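Containing compact mmCIF, C-alpha atoms and all ligand atoms: upload24.txt.
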```txt
# COMPACT_ATOMS: atom_id res chain seq x y z
CA MET J 1 12.25 -6.55 -25.67
CA LYS J 2 12.85 -7.12 -29.34
CA ILE J 3 9.97 -8.95 -31.01
CA LEU J 4 9.88 -10.61 -34.42
CA VAL J 5 6.38 -10.24 -35.86
CA THR J 6 5.57 -12.55 -38.78
CA GLY J 7 2.76 -11.14 -40.91
CA GLY J 8 3.33 -7.76 -39.24
CA ALA J 9 2.35 -5.87 -42.40
CA GLY J 10 -1.14 -7.37 -42.37
CA TYR J 11 -4.29 -6.01 -40.77
CA ILE J 12 -4.00 -7.40 -37.23
CA GLY J 13 -0.21 -7.55 -37.47
CA SER J 14 0.21 -3.85 -38.25
CA HIS J 15 -2.08 -2.81 -35.40
CA THR J 16 -0.15 -5.10 -33.06
CA VAL J 17 3.19 -3.67 -34.23
CA ARG J 18 1.94 -0.23 -33.15
CA ALA J 19 0.76 -1.56 -29.81
CA LEU J 20 4.11 -3.28 -29.17
CA LEU J 21 6.01 -0.10 -30.04
CA GLY J 22 3.64 1.89 -27.83
CA ALA J 23 4.46 -0.45 -24.94
CA GLY J 24 8.16 0.31 -25.39
CA HIS J 25 9.28 -2.80 -27.30
CA SER J 26 11.25 -2.88 -30.52
CA VAL J 27 9.91 -4.78 -33.51
CA VAL J 28 11.21 -6.53 -36.62
CA VAL J 29 8.60 -7.58 -39.17
CA LEU J 30 8.89 -10.65 -41.39
CA ASP J 31 6.27 -10.62 -44.13
CA ASN J 32 6.11 -11.85 -47.73
CA LEU J 33 3.76 -8.95 -48.54
CA SER J 34 1.39 -11.32 -50.37
CA SER J 35 -1.48 -9.67 -48.56
CA GLY J 36 0.22 -7.22 -46.20
CA HIS J 37 1.18 -3.62 -46.97
CA ALA J 38 4.60 -2.14 -46.25
CA GLN J 39 2.84 1.26 -45.90
CA ALA J 40 0.98 -0.11 -42.86
CA LEU J 41 4.26 -0.17 -40.91
CA PRO J 42 5.44 2.82 -38.92
CA GLU J 43 8.62 4.43 -40.23
CA GLY J 44 11.81 2.86 -38.98
CA VAL J 45 10.42 -0.64 -38.36
CA PRO J 46 12.75 -3.11 -40.13
CA LEU J 47 10.94 -5.29 -42.69
CA VAL J 48 12.40 -8.65 -43.72
CA LYS J 49 10.59 -9.49 -46.94
CA ALA J 50 10.57 -13.27 -46.76
CA ASP J 51 8.20 -16.21 -46.94
CA LEU J 52 7.85 -18.71 -44.11
CA LEU J 53 8.11 -21.44 -46.74
CA ASP J 54 11.75 -20.32 -47.16
CA GLN J 55 13.14 -21.84 -43.99
CA ALA J 56 16.69 -20.58 -44.54
CA ALA J 57 15.38 -17.00 -44.73
CA VAL J 58 13.43 -17.47 -41.50
CA GLN J 59 16.47 -18.90 -39.76
CA GLU J 60 18.60 -16.02 -41.00
CA ALA J 61 16.08 -13.45 -39.72
CA LEU J 62 16.25 -15.03 -36.26
CA SER J 63 20.08 -15.14 -36.32
CA VAL J 64 20.53 -11.61 -37.62
CA HIS J 65 17.92 -9.84 -35.48
CA GLN J 66 18.21 -11.96 -32.31
CA PRO J 67 14.61 -11.37 -31.11
CA ASP J 68 13.49 -12.18 -27.55
CA ALA J 69 10.06 -13.45 -28.67
CA VAL J 70 8.03 -14.12 -31.81
CA VAL J 71 4.46 -13.07 -32.55
CA HIS J 72 3.28 -15.26 -35.41
CA PHE J 73 0.46 -13.94 -37.61
CA ALA J 74 1.58 -14.84 -41.13
CA ALA J 75 -1.13 -17.07 -42.61
CA LEU J 76 -3.92 -17.34 -45.14
CA ILE J 77 -7.16 -16.46 -43.36
CA GLU J 78 -10.26 -17.04 -45.47
CA VAL J 79 -12.67 -19.73 -44.38
CA GLY J 80 -14.41 -20.06 -47.78
CA GLU J 81 -11.18 -20.08 -49.81
CA SER J 82 -9.67 -22.73 -47.54
CA MET J 83 -12.44 -25.11 -48.63
CA SER J 84 -11.75 -24.67 -52.35
CA GLN J 85 -7.93 -24.44 -52.08
CA PRO J 86 -7.01 -26.73 -49.16
CA GLY J 87 -3.48 -27.38 -50.42
CA ARG J 88 -2.54 -23.70 -50.27
CA TYR J 89 -3.85 -23.50 -46.71
CA TYR J 90 -2.07 -26.60 -45.41
CA ARG J 91 1.16 -25.52 -47.14
CA ASN J 92 1.16 -21.88 -46.06
CA ASN J 93 -0.29 -22.21 -42.60
CA VAL J 94 0.96 -25.60 -41.42
CA VAL J 95 4.26 -25.98 -43.30
CA GLY J 96 5.03 -22.26 -42.88
CA SER J 97 4.50 -22.53 -39.11
CA LEU J 98 6.53 -25.75 -38.99
CA ASN J 99 9.44 -23.93 -40.65
CA LEU J 100 9.20 -21.13 -38.11
CA LEU J 101 9.10 -23.56 -35.17
CA THR J 102 12.01 -25.54 -36.59
CA ALA J 103 14.04 -22.35 -37.00
CA ILE J 104 13.22 -21.29 -33.42
CA ALA J 105 14.17 -24.74 -32.11
CA GLN J 106 17.48 -24.59 -34.00
CA THR J 107 18.40 -21.05 -32.95
CA ARG J 108 17.08 -19.25 -29.88
CA LYS J 109 14.18 -21.29 -28.38
CA ILE J 110 12.32 -18.07 -27.66
CA PRO J 111 8.63 -18.00 -26.70
CA ILE J 112 5.93 -17.56 -29.31
CA VAL J 113 2.54 -15.85 -29.33
CA PHE J 114 0.42 -17.54 -31.97
CA SER J 115 -2.47 -16.09 -33.92
CA SER J 116 -5.08 -18.83 -33.56
CA THR J 117 -8.78 -18.74 -34.17
CA ALA J 118 -12.27 -19.46 -32.92
CA ALA J 119 -12.71 -21.40 -36.15
CA LEU J 120 -11.04 -24.39 -34.48
CA TYR J 121 -14.13 -24.91 -32.31
CA GLY J 122 -16.36 -25.52 -35.35
CA ASP J 123 -19.99 -26.21 -34.46
CA ALA J 124 -19.58 -25.52 -30.75
CA GLU J 125 -22.28 -26.98 -28.52
CA VAL J 126 -21.87 -24.41 -25.73
CA SER J 127 -22.03 -20.65 -25.95
CA PRO J 128 -20.05 -18.66 -24.93
CA ILE J 129 -17.26 -21.08 -25.80
CA PRO J 130 -14.58 -21.85 -23.18
CA GLU J 131 -11.05 -22.83 -24.22
CA ASP J 132 -11.54 -26.48 -23.30
CA ALA J 133 -14.58 -26.92 -25.60
CA PRO J 134 -14.17 -29.70 -28.20
CA LYS J 135 -12.02 -28.77 -31.19
CA GLN J 136 -13.89 -29.80 -34.32
CA PRO J 137 -13.18 -27.27 -37.07
CA THR J 138 -15.69 -27.10 -39.93
CA SER J 139 -13.16 -25.52 -42.30
CA VAL J 140 -9.70 -26.35 -43.59
CA TYR J 141 -8.65 -22.93 -42.30
CA GLY J 142 -9.67 -23.93 -38.78
CA GLU J 143 -7.90 -27.27 -39.17
CA THR J 144 -4.64 -25.58 -40.15
CA LYS J 145 -4.76 -23.43 -37.01
CA LEU J 146 -5.59 -26.44 -34.80
CA MET J 147 -2.73 -28.42 -36.34
CA THR J 148 -0.36 -25.51 -35.73
CA GLU J 149 -1.43 -25.26 -32.08
CA GLN J 150 -0.68 -28.97 -31.75
CA MET J 151 2.75 -28.57 -33.39
CA ILE J 152 3.57 -25.69 -31.05
CA GLN J 153 2.76 -27.87 -28.04
CA ALA J 154 4.88 -30.72 -29.42
CA PHE J 155 7.79 -28.29 -29.87
CA GLU J 156 7.37 -27.19 -26.28
CA ARG J 157 7.56 -30.81 -25.07
CA ALA J 158 10.62 -31.50 -27.19
CA HIS J 159 12.46 -28.16 -27.14
CA GLY J 160 10.97 -26.12 -24.31
CA ILE J 161 9.46 -23.41 -26.54
CA ARG J 162 6.72 -21.74 -24.46
CA SER J 163 3.66 -20.28 -26.17
CA ILE J 164 0.47 -18.32 -25.73
CA ARG J 165 -2.07 -19.19 -28.38
CA LEU J 166 -4.69 -16.47 -28.84
CA ARG J 167 -7.93 -17.69 -30.39
CA TYR J 168 -9.46 -14.68 -32.07
CA PHE J 169 -13.11 -14.27 -32.71
CA ASN J 170 -14.16 -11.77 -35.44
CA VAL J 171 -11.71 -8.94 -35.60
CA CYS J 172 -12.77 -5.56 -36.96
CA GLY J 173 -12.29 -1.82 -36.53
CA ALA J 174 -9.19 0.30 -37.04
CA VAL J 175 -7.08 2.87 -35.23
CA PRO J 176 -9.50 5.76 -34.54
CA ASP J 177 -7.38 8.28 -36.49
CA GLY J 178 -8.14 6.25 -39.66
CA SER J 179 -4.45 6.00 -40.64
CA ILE J 180 -4.36 2.20 -40.99
CA GLY J 181 -7.12 -0.37 -41.30
CA GLU J 182 -8.39 -3.47 -43.05
CA ASP J 183 -7.32 -3.83 -46.70
CA HIS J 184 -7.42 -7.44 -47.87
CA VAL J 185 -6.67 -8.44 -51.46
CA ASN J 186 -9.70 -10.75 -51.43
CA LYS J 187 -12.38 -9.04 -49.44
CA THR J 188 -14.58 -11.50 -47.59
CA HIS J 189 -15.08 -10.04 -44.11
CA LEU J 190 -18.58 -8.89 -43.35
CA ILE J 191 -17.90 -5.42 -41.94
CA GLU J 192 -15.23 -4.47 -44.50
CA LEU J 193 -17.53 -5.58 -47.35
CA ALA J 194 -20.52 -3.73 -45.88
CA LEU J 195 -18.59 -0.47 -45.55
CA LEU J 196 -17.18 -0.75 -49.09
CA THR J 197 -20.73 -1.42 -50.29
CA ALA J 198 -21.85 1.73 -48.47
CA LEU J 199 -19.12 3.60 -50.37
CA GLY J 200 -20.65 2.38 -53.63
CA GLN J 201 -17.85 -0.04 -54.54
CA ARG J 202 -20.30 -2.93 -54.55
CA GLU J 203 -23.91 -3.05 -55.51
CA LYS J 204 -25.29 -5.00 -52.57
CA MET J 205 -24.55 -7.13 -49.51
CA MET J 206 -25.12 -10.83 -49.78
CA ILE J 207 -26.39 -12.59 -46.65
CA TYR J 208 -24.96 -16.11 -46.69
CA GLY J 209 -27.84 -18.19 -45.41
CA ASP J 210 -30.77 -17.38 -43.14
CA ASP J 211 -31.69 -20.91 -42.12
CA TYR J 212 -29.17 -21.34 -39.30
CA PRO J 213 -30.47 -22.19 -35.82
CA THR J 214 -30.03 -18.60 -34.56
CA ARG J 215 -32.45 -15.82 -33.52
CA ASP J 216 -32.89 -14.46 -37.07
CA GLY J 217 -31.49 -17.42 -39.03
CA THR J 218 -28.16 -15.73 -39.90
CA CYS J 219 -24.78 -16.61 -38.38
CA ILE J 220 -23.76 -15.17 -35.03
CA ARG J 221 -20.21 -13.89 -34.47
CA ASP J 222 -18.38 -12.11 -31.64
CA TYR J 223 -16.88 -8.90 -33.07
CA ILE J 224 -13.77 -7.61 -31.30
CA HIS J 225 -11.86 -4.39 -31.97
CA VAL J 226 -8.41 -4.89 -33.50
CA LEU J 227 -6.77 -2.60 -30.91
CA ASP J 228 -8.17 -4.65 -28.03
CA LEU J 229 -6.82 -7.75 -29.76
CA ALA J 230 -3.45 -6.04 -30.30
CA GLN J 231 -3.31 -5.30 -26.57
CA ALA J 232 -3.89 -8.99 -25.84
CA HIS J 233 -0.68 -9.73 -27.80
CA VAL J 234 1.29 -7.16 -25.80
CA LEU J 235 0.10 -8.74 -22.53
CA ALA J 236 0.87 -12.24 -23.83
CA VAL J 237 4.43 -11.37 -24.93
CA GLU J 238 5.12 -9.66 -21.62
CA ALA J 239 3.71 -12.57 -19.61
CA LEU J 240 5.91 -15.05 -21.49
CA ALA J 241 8.94 -12.79 -20.91
CA GLN J 242 8.20 -12.91 -17.19
CA GLY J 243 8.21 -16.70 -17.30
CA ALA J 244 4.48 -17.47 -17.69
CA GLY J 245 3.65 -21.04 -18.65
CA SER J 246 2.02 -21.91 -21.94
CA SER J 247 -1.71 -21.44 -22.45
CA ALA J 248 -4.44 -20.82 -24.98
CA TYR J 249 -6.90 -17.96 -24.56
CA ASN J 250 -10.06 -16.95 -26.34
CA VAL J 251 -10.17 -13.28 -27.29
CA GLY J 252 -13.63 -11.87 -27.90
CA LEU J 253 -16.25 -9.78 -26.12
CA GLY J 254 -18.56 -12.59 -25.06
CA HIS J 255 -21.50 -11.17 -26.97
CA GLY J 256 -22.58 -12.19 -30.46
CA PHE J 257 -24.38 -10.41 -33.31
CA THR J 258 -26.17 -11.94 -36.29
CA VAL J 259 -25.23 -10.94 -39.84
CA ARG J 260 -28.46 -8.92 -40.05
CA GLU J 261 -27.71 -7.14 -36.78
CA VAL J 262 -24.24 -6.22 -38.04
CA LEU J 263 -25.71 -4.81 -41.27
CA ASP J 264 -28.25 -2.82 -39.21
CA ALA J 265 -25.36 -1.43 -37.13
CA VAL J 266 -23.51 -0.45 -40.32
CA ASP J 267 -26.65 1.33 -41.56
CA ALA J 268 -26.88 3.17 -38.23
CA VAL J 269 -23.24 4.30 -38.46
CA ILE J 270 -23.58 5.67 -42.00
CA GLU J 271 -27.03 7.17 -41.39
CA GLY J 272 -27.03 10.94 -41.68
CA SER J 273 -24.12 10.95 -44.13
CA ASP J 274 -24.48 11.01 -47.90
CA TYR J 275 -24.62 7.24 -48.11
CA ALA J 276 -27.71 5.14 -48.71
CA PRO J 277 -28.64 2.16 -46.50
CA LEU J 278 -27.25 -1.16 -47.69
CA THR J 279 -29.13 -3.19 -50.26
CA ARG J 280 -29.27 -6.78 -49.00
CA GLU J 281 -29.81 -10.03 -50.85
CA LEU J 282 -30.17 -13.53 -49.50
CA ALA J 283 -27.62 -16.04 -50.86
CA PRO J 284 -26.92 -19.73 -50.13
CA ARG J 285 -24.85 -20.68 -47.07
CA ARG J 286 -21.08 -20.26 -47.43
CA ALA J 287 -19.15 -23.54 -47.05
CA GLY J 288 -17.41 -23.96 -43.70
CA ASP J 289 -19.42 -21.37 -41.72
CA PRO J 290 -20.42 -22.51 -38.21
CA PRO J 291 -23.78 -21.07 -37.01
CA SER J 292 -22.46 -19.30 -33.91
CA LEU J 293 -19.06 -18.37 -32.43
CA VAL J 294 -19.11 -16.37 -29.19
CA ALA J 295 -16.13 -16.24 -26.83
CA ASP J 296 -15.85 -16.97 -23.16
CA SER J 297 -12.84 -14.71 -22.55
CA SER J 298 -12.85 -14.86 -18.77
CA SER J 299 -9.59 -16.79 -18.75
CA ILE J 300 -7.47 -14.10 -20.47
CA GLN J 301 -9.16 -11.42 -18.37
CA GLN J 302 -8.22 -13.23 -15.16
CA SER J 303 -4.77 -14.52 -16.13
CA LEU J 304 -3.38 -11.61 -18.15
CA GLY J 305 -5.59 -8.77 -16.92
CA TRP J 306 -6.90 -8.15 -20.44
CA LYS J 307 -9.88 -5.79 -20.58
CA PRO J 308 -11.48 -4.71 -23.85
CA GLU J 309 -12.03 -0.97 -24.31
CA TYR J 310 -14.31 -1.14 -27.34
CA VAL J 311 -17.50 -2.84 -26.21
CA ASP J 312 -20.09 -1.18 -28.45
CA LEU J 313 -20.57 -2.62 -31.96
CA GLN J 314 -21.50 0.71 -33.57
CA GLY J 315 -18.47 2.35 -31.93
CA ILE J 316 -16.24 -0.39 -33.34
CA ILE J 317 -17.77 -0.05 -36.82
CA GLN J 318 -17.34 3.74 -36.59
CA THR J 319 -13.53 3.33 -36.38
CA ALA J 320 -13.55 1.02 -39.42
CA TRP J 321 -15.77 3.53 -41.26
CA GLU J 322 -13.25 6.30 -40.56
CA TRP J 323 -10.53 4.23 -42.27
CA HIS J 324 -12.63 3.19 -45.29
CA ARG J 325 -14.22 6.62 -45.75
CA THR J 326 -10.82 8.31 -45.83
CA HIS J 327 -9.08 5.47 -47.75
CA PRO J 328 -11.76 4.07 -50.08
CA HIS J 329 -9.08 2.16 -51.99
CA GLY J 330 -7.15 1.13 -48.91
CA PHE J 331 -3.40 1.64 -48.93
CA GLN J 332 -3.52 2.77 -52.57
CA ASP J 333 -5.02 6.09 -51.44
N1 LIG M 401 -21.07 -12.95 -44.37
C1 LIG M 401 -22.16 -12.64 -45.15
N2 LIG M 401 -21.95 -11.87 -46.26
C2 LIG M 401 -20.73 -11.42 -46.62
C3 LIG M 401 -19.62 -11.75 -45.82
C4 LIG M 401 -19.83 -12.53 -44.70
O1 LIG M 401 -23.30 -13.03 -44.87
O2 LIG M 401 -20.63 -10.74 -47.65
C5 LIG M 401 -21.30 -13.75 -43.16
C6 LIG M 401 -20.51 -15.04 -43.16
O3 LIG M 401 -21.18 -16.06 -43.85
C7 LIG M 401 -20.38 -15.29 -41.66
C8 LIG M 401 -20.30 -13.87 -41.07
O4 LIG M 401 -20.82 -13.02 -42.07
O5 LIG M 401 -21.51 -15.90 -41.18
C9 LIG M 401 -18.89 -13.44 -40.75
O6 LIG M 401 -18.07 -13.71 -41.88
P1 LIG M 401 -16.60 -13.16 -42.02
O7 LIG M 401 -16.10 -13.60 -43.36
O8 LIG M 401 -16.57 -11.71 -41.73
O9 LIG M 401 -15.81 -13.87 -40.85
P2 LIG M 401 -15.72 -15.42 -40.47
O10 LIG M 401 -16.58 -15.62 -39.24
O11 LIG M 401 -15.97 -16.31 -41.61
O12 LIG M 401 -14.20 -15.59 -40.11
C10 LIG M 401 -13.52 -14.67 -39.28
C11 LIG M 401 -12.06 -14.72 -39.65
C12 LIG M 401 -11.51 -16.06 -39.31
C13 LIG M 401 -11.82 -16.41 -37.87
C14 LIG M 401 -13.29 -16.30 -37.57
C15 LIG M 401 -13.51 -16.55 -36.11
O13 LIG M 401 -11.88 -14.49 -41.04
O14 LIG M 401 -10.12 -15.99 -39.50
O15 LIG M 401 -13.72 -15.01 -37.94
O16 LIG M 401 -14.81 -16.29 -35.69
F1 LIG M 401 -11.47 -17.68 -37.64
```
Take the structure I supplied and represent it as structure tokens, if you would.
Ligand code: UFG
Amino acid sequence: MKILVTGGAGYIGSHTVRALLGAGHSVVVLDNLSSGHAQALPEGVPLVKADLLDQAAVQEALSVHQPDAVVHFAALIEVGESMSQPGRYYRNNVVGSLNLLTAIAQTRKIPIVFSSTAALYGDAEVSPIPEDAPKQPTSVYGETKLMTEQMIQAFERAHGIRSIRLRYFNVCGAVPDGSIGEDHVNKTHLIELALLTALGQREKMMIYGDDYPTRDGTCIRDYIHVLDLAQAHVLAVEALAQGAGSSAYNVGLGHGFTVREVLDAVDAVIEGSDYAPLTRELAPRRAGDPPSLVADSSSIQQSLGWKPEYVDLQGIIQTAWEWHRTHPHGFQD
């Protein structure tokens, strides 16, 4: 199959591009490179440098490349930033997705795999969280993803566009050979920041709040390896190609770690090297952070046969460490 991957030059996108190629598919990437890196793409993968806000460009990409399916990552992704710059998030994530859906409806009506998020559950009352839990995002970021899921379903009702919406929990890690990894312009993710702090690029790690109702007062998240998540996209695209109906699946390991536990795991990974343990400092809560997000992923395991390979947090962090240690300045190295 030929698959158009929006945001394919980004962190999760570039790992998924590799997984799709590895499964024998061909890929075209559409990315505005606002946060993605062309160097993250394997040689020979066509890159359409375009913004989803440019609907004519999106339509042209679909007409020229004639893909059989779309995997849609392109979006702004920071919970904290979405609270201070809501307009950017609604415009990029909601209007950008609307343009893509409109272009699909007007051209090929191909199925779509959508990069959704656990953030749409907000302050979930049950843990682990099943897909039918109430959707009550605590951040604008989560709202934009929920609104996009709703638009996708409306486009299915009106135009027959099938979808699989994958709700990611906290994605981390990198390909084990350290050749690509996480390199965000604004660094906000816990594990990336901790490893860059270990490398001496930052003085200390801030812990955003220790008065949450969790076992040590810090937020709990379900950390999933990016390659396991990439494989979920391959399975989703292939299921849709074989005629599967639309669904939404959580993708996580079903086990959560507190911020302090993650920092302890980072210390354990770097222990024995030349790097000192992390200095930690308590800071106020970050706006929009729910206390706990842990996935019930039994549905994707049963329906698509997805099975995570990386189930050990230190092992996951080790792969991220390999990338950051060998590329301390990311794709600039
Ligand atoms: N945190 C710190 N210090 C830091 C950075 C983060 O204490 O320096 C805390 C955060 O407050 C949060 C936890 O670590 O409690 C994880 O924060 P991240 O920024 O790494 O990730 P988020 O949980 O905020 O968000 C990520 C993705 C979202 C996705 C969500 C789903 O960025 O796109 O996971 O669980 F929706």
Fill in the blank from the handout: Of J:Tyr208, J:Tyr310, J:Tyr223, J:Tyr249, the one nearest to J:Gly288 when counting all atoms listed in the file is J:Tyr208
Practice task
Compute the set of protein, DNA and RNA residues whose minimum atom distance to ligand LIG 401 (chain M) is at most 9 Å, using all atoms listed in the file, and state it as a VMD selection string.
Solution key: chain J and resid 76 to 80 116 to 120 141 to 142 145 167 to 172 187 to 194 204 to 210 218 to 223 258 to 260 262 282 to 283 285 to 295
Completion exercise
For J:Leu227, the closest of J:Val269, J:Leu304, J:Ala241, J:Val175 counting all atoms listed in the file is J:Val175
Problem - Nearest residue to J:Leu52 from the set J:Ser246, J:Ser139, J:Thr279, J:Asn32 (distances using all atoms listed in the file) - result: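 The answer is J:Asn32, which sits nearest to J:Leu52.
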Practice task
Find the residues near J:Asp177: any atom within 8 Å, counting only C-alpha atoms, skip ones fewer than 2 places away on the same chain, and give them as a PyMOL selection string.
Solution key: chain J and resi 175+179+319+322-323
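Of the listed residues (J:Ser26, J:Gln301, J:Thr16, J:Thr102), J:Thr102 comes nearest to J:Ala154; the distances count only C-alpha atoms.
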Handout entry: Neighbour residues at most 12 Å from (20.0, -11.3, -41.7) (only C-alpha atoms) as an MDAnalysis selection string
Key = chainID J and resid 28 30 46:50 56:67
Exercise for the section: Would you kindly return, as a list of chain:residue names, each protein, DNA or RNA residue with an atom no farther than 9 Å from any atom of J:Ala40, considering all atoms listed in the file and excluding same-chain residues fewer than 3 positions away? Expected result: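 Near neighbours after the sequence-gap exclusion: J:Gly8, J:Ala9, J:Gly10, J:Tyr11, J:Ser14, J:His15, J:Gly36, J:His37, J:Ser179, J:Ile180, J:Gly181, J:Phe331.
All protein and nucleic acid residues in the vicinity of (-17.2, -1.1, -39.5), that is within 6 Å when counting all atoms listed in the file, are Gly173, Ile191, Ile317, Gln318, Ala320 and Trp321 of chain J.
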Could you turn the residues from that selection into a file that holds C-alpha atoms, as a PDB file, keeping the file's coordinate frame?
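selection.pdb, freshly written:
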```pdb
ATOM      1  CA  GLY J 173     -12.290  -1.820 -36.530  1.00  0.00           C
ATOM      2  CA  ILE J 191     -17.900  -5.420 -41.940  1.00  0.00           C
ATOM      3  CA  ILE J 317     -17.770  -0.050 -36.820  1.00  0.00           C
ATOM      4  CA  GLN J 318     -17.340   3.740 -36.590  1.00  0.00           C
ATOM      5  CA  ALA J 320     -13.550   1.020 -39.420  1.00  0.00           C
ATOM      6  CA  TRP J 321     -15.770   3.530 -41.260  1.00  0.00           C
TER       7      TRP J 321
END
```
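Using all atoms listed in the file, the protein and nucleic acid residues lying no more than 9 Å from J:Lys307, apart from those fewer than 5 places from it along its own chain, are Asp228, Gln231, Ala232, Ile300 and Gln301 of chain J.
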Kindly save the residues from that selection, with C-alpha atoms included, as a short mmCIF file (atom, residue, chain, number, x, y, z; two decimals), in the frame of the given file.
```
data_model
loop_
_atom_site.label_atom_id
_atom_site.label_comp_id
_atom_site.auth_asym_id
_atom_site.auth_seq_id
_atom_site.Cartn_x
_atom_site.Cartn_y
_atom_site.Cartn_z
CA ASP J 228 -8.17 -4.65 -28.03
CA GLN J 231 -3.31 -5.30 -26.57
CA ALA J 232 -3.89 -8.99 -25.84
CA ILE J 300 -7.47 -14.10 -20.47
CA GLN J 301 -9.16 -11.42 -18.37
#
```
Practice task
Counting only C-alpha atoms, figure out which residue out of J:Gly243, J:Ser84, J:Leu195, J:Leu229 gets nearest to J:Tyr275.
Solution key: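 The closest residue to J:Tyr275 is J:Leu195.
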Practice task
Could you tell me how far atom CA of J:Arg162 lies from atom CA of J:Ala38, in Å and to one decimal?
Solution key: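 Here the two named atoms are 29.4 Å from each other.
Atom CA of J:Ala158 lies 22.9 Å from atom CA of J:Arg91.
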Could you give me the centre and size, in Å to one decimal, of an axis-aligned box around all listed atoms of stretch 319-330 of chain J with 3 Å added on every side, as AutoDock Vina command-line options?
```
--center_x -11.5 --center_y 4.7 --center_z -44.2 --size_x 14.6 --size_y 13.3 --size_z 21.6
```
Please reconstruct the missing atoms of stretch 4-17 of chain J (target: N, CA and C atoms) and return them as a PDB file, keeping the file's coordinate frame.
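Output saved as rebuild-v5.pdb:
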```pdb
ATOM      1  N   LEU J   4      10.042 -10.330 -32.990  1.00  0.00           N
ATOM      2  CA  LEU J   4       9.880 -10.610 -34.420  1.00  0.00           C
ATOM      3  C   LEU J   4       8.392 -10.868 -34.661  1.00  0.00           C
ATOM      4  N   VAL J   5       7.802 -10.089 -35.569  1.00  0.00           N
ATOM      5  CA  VAL J   5       6.380 -10.240 -35.860  1.00  0.00           C
ATOM      6  C   VAL J   5       6.222 -10.767 -37.285  1.00  0.00           C
ATOM      7  N   THR J   6       5.818 -12.041 -37.426  1.00  0.00           N
ATOM      8  CA  THR J   6       5.570 -12.550 -38.780  1.00  0.00           C
ATOM      9  C   THR J   6       4.180 -12.074 -39.203  1.00  0.00           C
ATOM     10  N   GLY J   7       4.051 -11.675 -40.461  1.00  0.00           N
ATOM     11  CA  GLY J   7       2.760 -11.140 -40.910  1.00  0.00           C
ATOM     12  C   GLY J   7       2.470  -9.774 -40.313  1.00  0.00           C
ATOM     13  N   GLY J   8       3.519  -9.062 -39.922  1.00  0.00           N
ATOM     14  CA  GLY J   8       3.330  -7.760 -39.240  1.00  0.00           C
ATOM     15  C   GLY J   8       2.839  -6.654 -40.152  1.00  0.00           C
ATOM     16  N   ALA J   9       2.848  -6.899 -41.484  1.00  0.00           N
ATOM     17  CA  ALA J   9       2.350  -5.870 -42.400  1.00  0.00           C
ATOM     18  C   ALA J   9       0.865  -6.074 -42.705  1.00  0.00           C
ATOM     19  N   GLY J  10       0.287  -7.109 -42.132  1.00  0.00           N
ATOM     20  CA  GLY J  10      -1.140  -7.370 -42.370  1.00  0.00           C
ATOM     21  C   GLY J  10      -2.026  -6.532 -41.452  1.00  0.00           C
ATOM     22  N   TYR J  11      -3.300  -6.821 -41.506  1.00  0.00           N
ATOM     23  CA  TYR J  11      -4.290  -6.010 -40.770  1.00  0.00           C
ATOM     24  C   TYR J  11      -4.074  -6.089 -39.249  1.00  0.00           C
ATOM     25  N   ILE J  12      -4.164  -7.288 -38.696  1.00  0.00           N
ATOM     26  CA  ILE J  12      -4.000  -7.400 -37.230  1.00  0.00           C
ATOM     27  C   ILE J  12      -2.533  -7.185 -36.873  1.00  0.00           C
ATOM     28  N   GLY J  13      -1.643  -7.698 -37.728  1.00  0.00           N
ATOM     29  CA  GLY J  13      -0.210  -7.550 -37.470  1.00  0.00           C
ATOM     30  C   GLY J  13       0.204  -6.093 -37.344  1.00  0.00           C
ATOM     31  N   SER J  14      -0.246  -5.247 -38.259  1.00  0.00           N
ATOM     32  CA  SER J  14       0.210  -3.850 -38.250  1.00  0.00           C
ATOM     33  C   SER J  14      -0.347  -3.092 -37.037  1.00  0.00           C
ATOM     34  N   HIS J  15      -1.554  -3.439 -36.619  1.00  0.00           N
ATOM     35  CA  HIS J  15      -2.080  -2.810 -35.400  1.00  0.00           C
ATOM     36  C   HIS J  15      -1.299  -3.292 -34.173  1.00  0.00           C
ATOM     37  N   THR J  16      -0.903  -4.565 -34.196  1.00  0.00           N
ATOM     38  CA  THR J  16      -0.150  -5.100 -33.060  1.00  0.00           C
ATOM     39  C   THR J  16       1.264  -4.511 -33.019  1.00  0.00           C
ATOM     40  N   VAL J  17       1.862  -4.313 -34.195  1.00  0.00           N
ATOM     41  CA  VAL J  17       3.190  -3.670 -34.230  1.00  0.00           C
ATOM     42  C   VAL J  17       3.109  -2.322 -33.515  1.00  0.00           C
TER      43      VAL J  17
END
```
